[in-house]
Every structure is written in C-alpha cells, then in structure tokens.
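Okay, structure first, notes after.
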Amino acid sequence: MKKNSLFILLLFSLMATANVRMPLLFSDGMVLQRNKPIPVWGWADANEKVEVFFNKQTKTITADSTGKWMVNLNAEKAGGPFELSIIGKNKIVITNVLVGEVWICSGQSNMEFQVNKTMNSEKEINDSNYPMIRHFGVAQDLSGFPKEDLKAGKWAVCNKENVGDFSAVGYFFAKKIYAELKIPVGIINTSWGGTNVETWTSREAFENSSEFKDMIANVPQVDIDSLSKSQIGLITAKIEKIQGSKVSTNEELLFKELNFDDGKWPEMIVPELWESQQLNNLDGMVWMRKSIIVTKEDANKKAILELAKIDDQDFTYINGVLIGTTNDYAKKRIYQIPEGLLKEGKNTIAIKIIDNTGGGGIYGDKSDLKLTLQNSVIPLSGQWKFNVVQIKSEVSPNGYPSLLYNAMINPLVPFAFQGVLWYQGEANVSRAKQYQIAFPLMINDWRTKWKQGDFPFYFVQLSTFDEYGGNSKNGSKWAELREAQTETLKLPNTGMAVTTDIGNAKDIHPTNKQDVGKRLAAIALNNVYSKKMIYSGPMYKSHEIKRNEIILTFDNIGSGLSTSDSNGILKGFEIAGADKVFHSAKAIIKNNKVIVSTESVPNPVAVHYGWADDDTEINLFNKEKFPASPFRTDDWEMVTANEKYKVSK
C-alpha cells in the first residue's frame with residue numbers, strides 16, 4: 001500500500017512539473033505595450049512544444065533544455081479586451097487583456113505613497129472609475145541572486161475599491177495620459193520606501209563600473225537566510241553596545257510604567273528618524289520614553305498629546321495606560337488624555353514603536369510634538385530615552401547592493417513597456433556627489449538588461465525638506481542631490497519634474513502627488529506622444545559677470561520668465577565673491593534673463609539659487625507655471641564630495 005501511495009505521489013509530482021507556467025506579470029486584467037514586439041515567456045518541460053495565441057496571432061516555440069521558452073508576438077494596436085492563451089501539455093487562458101501604454105513606476109516611499117494618503121483623497125477615490133487604467137503592484141521582496149519570477153503581485157482595475165492602494169504618482173500620471181490618448185494605460189509599481197539607488201542596480205553594472213568595481217569585488221553573493229543571520233548579529237552587537245543591555249523583550253511589560261527606571265537608557269533626538277541617528281538600518285521594535293512635569297493646576301484634567309508622525313506603528317502609554325495606537329506612517333498622532341490620568345509632578349510618556357521596513361521612529365515637525373494642557377503647552381521635541389527590544393529577521397534592502405534589482409526588477413525583464421517613472425533620492429542625499437555616477441549607472445543598467453533601446457526615463461527631482469538645516473553657508477546635501485539629478489539629464493531620453501513649489505519642508509512625504517503625476521505626464525505627452533506643450537520650468541544655461549552684477553540665462557523659459565510673487569520680487573538667489581561666502585541677493589527679471597546683485601559683494605563670482613535643504617521660498621517660474629530647478633554657477637567642492645557607498649560585511 002505504501003509503495004502504491006508513493007508511486008501516485010511521484011506521478012502527481014511529475015505531472016505538476018509538466019505544466020506550462022507563466023510569470024505572475026502575465027495574469028488576468030493585464031496591459032500589454034502597443035506598437036512594439038510583445039515578449040511572452042514562461043516555463044515548461046524541457047523541449048516541450050508551446051503554442052501562444054493572442055488576437056489573430058499564433059506563435060509556436062520549443063522550450064529549451066532547462067524548460068524556459070519565449071516568443072515575440074508582433075506589435076499590436078491599442079485595444080481589447082482580448083484573451084492570451086498558452087498551450088503546452090496544459091492550457092492557460094489569461095482574460096481581460098488590454099493593449100495600450102505601459103509604464104514602470106519605481107523608487108522609494110514617495111513613489112510607493114498610495115492614493116488614499118494624498119490630499120483630497122476621498123474626492124480622488126470617488127472619481128476613479130477608469131476601467132482602462134490598470135495597476136500591477138509588485139510585492140516587496142529581496143534576493144541575493146537574480147530571480148526569475150516575482151514573490152507576488154496582481155493586476156487591479158482602476159475603480160473606487162482598488163485605487164486607494166495604487167501608487168499615487170503612477171495613478172495621476174496614468175489618469176492624465178488616458179485623458180489625452182483615450183487608450184488603455186498600465187502602470188507597474190515596483191517600489192520600496194527608504195531604499196537607496198544601489199539596491200536597485202544589478203551586480204553586473206557595478207562590475208563594469210570604474211567607480212564601483214572595487215566595491216563589488218569584495219561583496220560576496222549570498223543567500224538571504226545566511227545574510228539575515230549575519231546582519232542580525234552585526235546589528236545586535238552594535239545596539240547592545242549602544243544601550244548597554246541585551247536586545248530582549250523580557251522586561252518590556254515594565255517599560256510603560258511611570259516608575260520604571262530608564263536612567264541607563266541612551267537618548268536620541270525627536271522628531272527625527274532613527275536611521276539618521278544611532279539605529280541605522282534597524283527594522284524592529286523600540287521603546288521610547290520621556291518624562292514631563294505637570295503642575296497642580298493641570299493635573300487630573302483632560303489634555304491632548306500630539307506626537308507628529310511615527311513610522312510605522314505605535315502603542316502610546318501615559319503613566320502605564322494605553323491612550324492610543326495607529327498603524328500608518330503618514331498619519332499624525334493626536335491622542336486624547338482622559339481626566340484623572342495626569343498626576344501632579346512627574347508623568348511619563350512611553351511609546352512602543354514597531355518599524356516594519358524603511359525609516360523608523362518619530363518624525364515630522366517639532367511644532368507637532370507637544371502636550372496641550374488646560375493652562376499650558378509642553379513641547380516634547382528634543383532628547384528621548386530609547387531601548388531596542390526586537391530586531392526583525394528580514395534583511396534591510398539597503399544592506400547589500402542589488403537586492404531589490406534581483407527580486408523586483410529582474411523578474412520583469414523583458415516585459416515590453418513604454419518608459420520608466422522614478423521617484424527616489426532621499427536615501428542617497430549623504431552621497432549626493434556619487435549619485436551623479438550611481439543614478440545614470442542604474443538607468444543604463446536597466447536599458448542594457450531590457451534591450452529596448454534608450455527608453456524614456458523620467459524622474460522627480462527632490463522636493464523641499466528641511467532634514468539637516470543645510471544651506472549655502474554650511475552646505476546642503478539635499479541641494480547637491482538635486483544637482484546630481486539635474487546632471488542626469490545629460491543621458492539621452494531623460495526628463496525631470498521639478499517639485500520645489502509643491503513640497504513640504506516639514507514632511508518628507510508631501511501629499512500633493514496630483515501635480516507630480518501631471519508634470520511627469522507633461523514630459524511624456526510632449527516627448528513620446530507628440531502633444532507639443534511646455535513641460536519644463538527654466539533651467540540654468542549660462543551666466544555673464546558685468547561689474548557688480550551676474551546676468552543669468554535660462555533654457556526652457558516657455559513664453560517667458562515670471563515669479564509667483566505679486567510684487568515681482570525674486571527670492572532664493574545668493575551671490576559670493578572669491579571668498580566663497582554667499583550673501584542674499586537682489587534678483588530681477590529683465591528681457592527674460594535674471595540679473596543678480598548685492599552691495600555686500602562688489603566683485604561677484606558665483607550665484608546660488610535654492611541652495612538649501614528647505615528651498616520653499618524660491619519663486620522663479622516660466623509663465624506656464626513650471627518652477628525653475630535650483631542650481632549653482634560655481635564648481636566648488638561640496639559637503640558630500642568624499643562620501644562613498646560602502647557595504648558592511
């Protein structure tokens with residue numbers, strides 16, 4: 001009997017391996033790229049005959065000795081819905097297939113940012129009945145080796161039930177493209193918050209780069225399980241040294257209590273993500289505590305506790321009592337404190353923070369971190385005690401190069417598409433100078449892998465965000481990263497959406513994703529779809545020094561330079577002399593040029609415009625209301641000049 005059962009199991013196992021299998025990207029509701037050959041591929045038995053049927057086409061192929069097969073369907077015009085059938089020893093039928101425009105959307109959290117978190121999200125969701133727009137969400141995954149297929153992912157039709165989870169930038173781009181072309185649009189969202197550009201780049205690209213080949217030569221290819229154990233050991237040792245105690249949950253039930261002794265706990269600055277402080281690359285569970293003094297007049301009365309934003313989930317206690325929990329990294333924490341909970345004298349706020357991936361901790365604006373009492377307000381920014389009690393076993397996607405390329409990009413190759421939309425850079429600001437090499441390297445790498453030529457690659461320039469208080473005086477990493485992005489425009493068929501006017505200096509995730517998507521769409525409509533229009537703001541071209549003035553010339557001025565200031569005053573311009581010390585300068589528009597001067601610098605040498613982490617005030621536009629990109633006219637060494645990508649092994 002046992003022998004017969006074993007034979008049946010073996011037979012079923014053999015039958016299972018015989019089935020033709022398709023990548024997850026090929027599934028019901030998908031969108032195929034129009035007007036280009038359409039690669040269709042999958043797996044079968046070695047040397048198995050496979051037939052592919054689509055619309056009026058039939059293609060036949062024999063799988064190779066490993067079972068892999070691929071055919072190229074002839075280019076199709078926009079239309080559908082169709083069926084895509086694949087027949088080998090079994091038959092697969094993929095239904096509701098459209099042919100239209102396909103764009104890959106990638107990057108970090110601002111590309112991952114969903115429609116349901118945007119401004120006016122309820123209105124946007126209610127106006128989302130666009131069945132010709134489809135969204136494929138690539139499941140987050142990483143791998144030490146290139147994978148053939150995705151971990152998970154599915155196509156979703158655009159409607160009120162689904163659109164809330166779509167990439168907001170991708171959706172608003174697709175919505176504009178559909179409005180203009182009235183053909184199907186598919187967006188493939190493969191993004192991961194907090195990730196650097198190096199994890200999205202293949203190992204081969206690094207090996208062929210003079211900048212990175214020495215680095216990659218010393219980085220072994222490892223499987224994720226062994227890498228996870230190695231990384232956890234390194235992170236654990238580092239954290240236990242910092243906090244002088246074991247990483248353990250054994251005593252955490254006591255951490256919420258008023259009288260718990262946290263005197264030996266280390267401190268970090270709040271609000272600020274812990275990745276930029278002592279807990280680099282940490283995903284896991286951390287307790288944070290802060291004690292405050294409440295007067296007799298405010299004791300036992302209602303109060304409001306505001307904790308800015310917390311990435312990802314918090315459980316917040318006052319004197320041992322849970323007063324609120326939220327699991328949304330983009331939502332401000334505002335909790336009501338009931339009567340009788342606050343005592344006269346010492347009170348303790350204790351927060352258990354669970355960070356699943358990317359950035360972690362309390363972040364946002366200092367003014368959103370406070371305790372509002374009946375008679376006073378207690379600011380809560382500054383030093384907080386912390387203790388790490390758990391480290392997630394998952395490897396950080398930034399831990400090694402190529403981890404996300406291997407798991408979330410390689411399985412998409414060679415799917416046909418029109419172009420790429422990219423929103424990333426925040427995680428690379430500390431190495432902004434090297435980004436001038438790393439970012440073009442990744443773009444060229446993807447173009448090499450796909451073998452679809454120099455396909456359109458459009459990216460979003462970093463918005464304003466006051467992360468380090470950087471400026472012309474002490475240097476600005478964010479300005480240098482924006483410059484690196486501008487330099488990347490030297491690559492063919494690239495475009496950049498400038499977003500300095502629609503950001504939020506206090507929030508790294510600005511909620512106006514509508515205009516970001518529209519600006520990317522304007523580039524595509526002009527460059528790809530022959531809808532000629534102004535799609536860019538002024539870009540610095542050249543300058544001329546005349547006595548105490550510097551005269552600036554720009555490209556992309558549209559129908560003329562302008563400013564958003566009602567009095568015509570330009571802001572954000574600075575001038576320096578040979579001493580390299582920059583001074584705020586007067587700037588005026590004349591004959592579609594900008595003339596900059598200041599009495600403080602009689603012999604000017606260089607100009608900065610918007611050279612700061614927080615460049616909110618800058619206001620040079622063209623008359624079509626596209627903002628000018630920040631720039632500098634000098635080539636003096638910057639603060640990130642010597643920062644290089646390193647891997648901790």
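Chain labels A, B, ... are given in the sequence in which chains occur in the structure tokens; within each chain residues are numbered consecutively from 1, and ligands are likewise numbered from 1 in the order shown.
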Give me the residues near Ser210 of chain A as a ChimeraX atom specification, where near means some atom within 12 Å (using only C-alpha atoms) and where sequence neighbours in that chain fewer than 6 positions away do not count.
/A:216-217,437-438,441
Shell of 12 Å around segment 173-183 of chain A, only C-alpha atoms, local chain residues under 5 positions omitted, as a PyMOL selection string:
chain A and resi 31-34+77-81+98-105+111+115+124+127-135+158-159+163+166-168+188-189+420-422+458+497+513-526+528-531
Any idea what's packed within 12 Å of Gln336 of chain A, counting only C-alpha atoms, ignoring anything in its chain fewer than 6 positions away? Could you give it as a ChimeraX atom specification?
/A:301-307,316-318,322-325,342,371-373
Can those selected residues be exported to a file as a compact mmCIF listing (two decimals), in the first residue's frame so that it contains all heavy atoms?
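Okay, this is what ended up in result_24.txt:
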# COMPACT_ATOMS: atom_id res chain seq x y z
N LYS A 301 -6.71 66.65 34.74
CA LYS A 301 -7.61 67.24 33.76
C LYS A 301 -7.35 66.65 32.36
O LYS A 301 -6.31 66.05 32.11
CB LYS A 301 -7.42 68.75 33.73
CG LYS A 301 -7.83 69.43 35.04
CD LYS A 301 -7.58 70.93 34.98
CE LYS A 301 -7.99 71.59 36.31
NZ LYS A 301 -7.70 73.03 36.33
N LYS A 302 -8.30 66.85 31.48
CA LYS A 302 -8.13 66.39 30.11
C LYS A 302 -6.96 67.10 29.45
O LYS A 302 -6.64 68.24 29.80
CB LYS A 302 -9.40 66.64 29.30
CG LYS A 302 -10.60 65.80 29.70
CD LYS A 302 -11.79 66.13 28.81
CE LYS A 302 -13.01 65.28 29.19
NZ LYS A 302 -14.18 65.61 28.34
N ALA A 303 -6.33 66.42 28.46
CA ALA A 303 -5.22 67.02 27.72
C ALA A 303 -5.16 66.37 26.35
O ALA A 303 -5.85 65.37 26.08
CB ALA A 303 -3.91 66.83 28.47
N ILE A 304 -4.36 66.97 25.50
CA ILE A 304 -4.18 66.43 24.15
C ILE A 304 -2.69 66.17 23.92
O ILE A 304 -1.86 67.07 24.09
CB ILE A 304 -4.71 67.41 23.08
CG1 ILE A 304 -6.20 67.65 23.28
CG2 ILE A 304 -4.46 66.84 21.67
CD1 ILE A 304 -6.78 68.71 22.36
N LEU A 305 -2.37 64.94 23.53
CA LEU A 305 -0.98 64.56 23.24
C LEU A 305 -0.81 64.46 21.73
O LEU A 305 -1.53 63.72 21.07
CB LEU A 305 -0.65 63.21 23.89
CG LEU A 305 0.74 62.64 23.61
CD1 LEU A 305 1.82 63.55 24.19
CD2 LEU A 305 0.87 61.23 24.15
N GLU A 306 0.16 65.22 21.20
CA GLU A 306 0.49 65.17 19.78
C GLU A 306 1.91 64.66 19.61
O GLU A 306 2.83 65.17 20.25
CB GLU A 306 0.34 66.56 19.15
CG GLU A 306 -1.09 67.08 19.19
CD GLU A 306 -1.23 68.46 18.59
OE1 GLU A 306 -0.90 68.62 17.40
OE2 GLU A 306 -1.65 69.39 19.32
N LEU A 307 2.09 63.67 18.74
CA LEU A 307 3.38 63.00 18.58
C LEU A 307 3.89 63.05 17.15
O LEU A 307 4.61 62.14 16.72
CB LEU A 307 3.27 61.55 19.06
CG LEU A 307 2.95 61.36 20.55
CD1 LEU A 307 2.65 59.91 20.85
CD2 LEU A 307 4.10 61.86 21.41
N THR A 316 0.90 53.92 22.42
CA THR A 316 1.30 55.04 23.26
C THR A 316 0.63 54.98 24.63
O THR A 316 -0.60 54.84 24.72
CB THR A 316 0.96 56.37 22.56
OG1 THR A 316 1.70 56.45 21.33
CG2 THR A 316 1.33 57.56 23.43
N TYR A 317 1.47 55.09 25.67
CA TYR A 317 1.00 54.99 27.04
C TYR A 317 1.32 56.27 27.80
O TYR A 317 2.35 56.90 27.59
CB TYR A 317 1.70 53.83 27.76
CG TYR A 317 1.46 52.47 27.15
CD1 TYR A 317 2.23 52.03 26.07
CD2 TYR A 317 0.49 51.61 27.65
CE1 TYR A 317 2.03 50.77 25.50
CE2 TYR A 317 0.28 50.35 27.10
CZ TYR A 317 1.06 49.94 26.02
OH TYR A 317 0.85 48.70 25.48
N ILE A 318 0.41 56.65 28.70
CA ILE A 318 0.66 57.69 29.69
C ILE A 318 0.57 57.04 31.07
O ILE A 318 -0.48 56.48 31.42
CB ILE A 318 -0.35 58.84 29.60
CG1 ILE A 318 -0.27 59.54 28.24
CG2 ILE A 318 -0.13 59.85 30.73
CD1 ILE A 318 0.95 60.41 28.06
N LEU A 322 -2.68 52.71 28.20
CA LEU A 322 -2.71 52.88 26.74
C LEU A 322 -3.74 53.94 26.37
O LEU A 322 -4.92 53.83 26.72
CB LEU A 322 -3.07 51.55 26.07
CG LEU A 322 -3.14 51.55 24.54
CD1 LEU A 322 -1.77 51.76 23.93
CD2 LEU A 322 -3.75 50.24 24.03
N ILE A 323 -3.29 54.97 25.64
CA ILE A 323 -4.22 56.03 25.23
C ILE A 323 -4.44 56.07 23.72
O ILE A 323 -5.31 56.80 23.23
CB ILE A 323 -3.76 57.42 25.71
CG1 ILE A 323 -2.42 57.80 25.06
CG2 ILE A 323 -3.69 57.48 27.22
CD1 ILE A 323 -2.10 59.27 25.17
N GLY A 324 -3.66 55.30 22.95
CA GLY A 324 -3.87 55.29 21.51
C GLY A 324 -2.88 54.43 20.77
O GLY A 324 -1.77 54.17 21.26
N THR A 325 -3.30 53.97 19.59
CA THR A 325 -2.41 53.22 18.70
C THR A 325 -2.80 53.52 17.26
O THR A 325 -3.99 53.69 16.95
CB THR A 325 -2.49 51.70 18.97
OG1 THR A 325 -1.63 51.00 18.06
CG2 THR A 325 -3.91 51.19 18.80
N LEU A 342 -3.32 62.25 34.26
CA LEU A 342 -2.11 63.04 34.53
C LEU A 342 -2.04 63.40 36.01
O LEU A 342 -3.03 63.86 36.60
CB LEU A 342 -2.12 64.32 33.68
CG LEU A 342 -1.95 64.13 32.18
CD1 LEU A 342 -2.15 65.46 31.45
CD2 LEU A 342 -0.56 63.56 31.86
N LEU A 371 2.42 68.43 24.31
CA LEU A 371 1.33 68.07 25.21
C LEU A 371 0.58 69.35 25.55
O LEU A 371 1.13 70.27 26.18
CB LEU A 371 1.88 67.42 26.49
CG LEU A 371 0.84 67.06 27.55
CD1 LEU A 371 -0.14 66.01 27.03
CD2 LEU A 371 1.53 66.56 28.83
N THR A 372 -0.68 69.43 25.14
CA THR A 372 -1.50 70.61 25.38
C THR A 372 -2.36 70.38 26.62
O THR A 372 -3.28 69.55 26.61
CB THR A 372 -2.39 70.93 24.17
OG1 THR A 372 -1.55 71.12 23.01
CG2 THR A 372 -3.19 72.19 24.40
N LEU A 373 -2.05 71.14 27.68
CA LEU A 373 -2.76 71.03 28.95
C LEU A 373 -3.81 72.13 29.05
O LEU A 373 -3.96 72.95 28.14
CB LEU A 373 -1.76 71.12 30.10
CG LEU A 373 -0.62 70.07 30.06
CD1 LEU A 373 0.52 70.48 30.95
CD2 LEU A 373 -1.16 68.71 30.46
Find the residues near Val388 of chain A: any atom within 7 Å, counting only C-alpha atoms, skip ones fewer than 2 places away on the same chain, and give them as a compact mmCIF listing (two decimals) with N, CA, C and O atoms, in the first residue's frame.
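Below is the file selection_3.txt, written as the result:
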# COMPACT_ATOMS: atom_id res chain seq x y z
N VAL A 247 19.34 43.03 23.69
CA VAL A 247 18.13 43.23 22.89
C VAL A 247 17.18 42.10 23.26
O VAL A 247 17.37 40.96 22.86
N MET A 285 11.47 46.55 16.87
CA MET A 285 10.63 47.13 17.91
C MET A 285 11.50 47.91 18.89
O MET A 285 12.50 47.40 19.40
N VAL A 286 11.09 49.16 19.14
CA VAL A 286 11.84 50.05 20.01
C VAL A 286 10.88 50.74 20.95
O VAL A 286 9.81 51.22 20.54
N TRP A 287 11.25 50.81 22.24
CA TRP A 287 10.51 51.60 23.21
C TRP A 287 11.17 52.96 23.36
O TRP A 287 12.40 53.06 23.42
N PHE A 386 15.58 55.67 24.75
CA PHE A 386 15.14 54.57 23.89
C PHE A 386 15.79 53.25 24.28
O PHE A 386 16.88 53.22 24.87
N GLN A 390 13.61 44.34 19.97
CA GLN A 390 13.48 43.28 18.95
C GLN A 390 14.02 43.77 17.62
O GLN A 390 13.79 44.93 17.24
For segment 47-60 of chain A, list every protein, DNA or RNA residue within 12 Å, evaluated using only C-alpha atoms, and leave out those in the same chain fewer than 4 positions away; present the list as a ChimeraX atom specification.
/A:17-22,32,38-43,64-99
Write out as a list in words which residues come within 9 Å of Asn347 of chain A when counting only C-alpha atoms, dropping same-chain ones fewer than 3 positions away.
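Counting only C-alpha atoms, the residues come to Leu258, Lys290, Ser291, Ile292, Ile293, Val294, Ile318, Asn319, Leu342, Lys343 and Glu344 of chain A.
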Provide the atom CA of Gly137 of chain A to atom CA of Val157 of chain A distance in Å, to one decimal place.
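Taking atom CA of Gly137 of chain A as the start and atom CA of Val157 of chain A as the end point, the length is 11.4 Å.
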Find the spatial neighbours of segment 550-566 of chain A, counting only C-alpha atoms, within a cut-off of 7 Å - ignore same-chain residues fewer than 5 positions away - and output them as a list in words.
Ile534, Ser536, Gly537, Pro538, Met539, Tyr540, Lys541, Ser542, His543, Glu544, Ile545, Asn592, Lys593, Val594, Ile595, Val596, Ser597, Asn619, Leu620, Phe621, Asn622, Lys623 and Glu624 of chain A
Write out as a ChimeraX atom specification the set of residues from segment 280-457 of chain A that DSSP, computed on the backbone, places in helix (DSSP H, G or I).
/A:366-368,403-412,426-450
Among segment 81-111 of chain A, which residues carry a DSSP assignment of strand (DSSP E), reported as number ranges by chain?
A: 81-87, 91-107
Please indicate the distance in Å from atom CA of Phe113 of chain A to atom CA of His509 of chain A, rounded to one decimal place.
7.8 Å
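Separating atom CA of Gln231 of chain A from atom CA of Asn281 of chain A is a distance of 9.8 Å.
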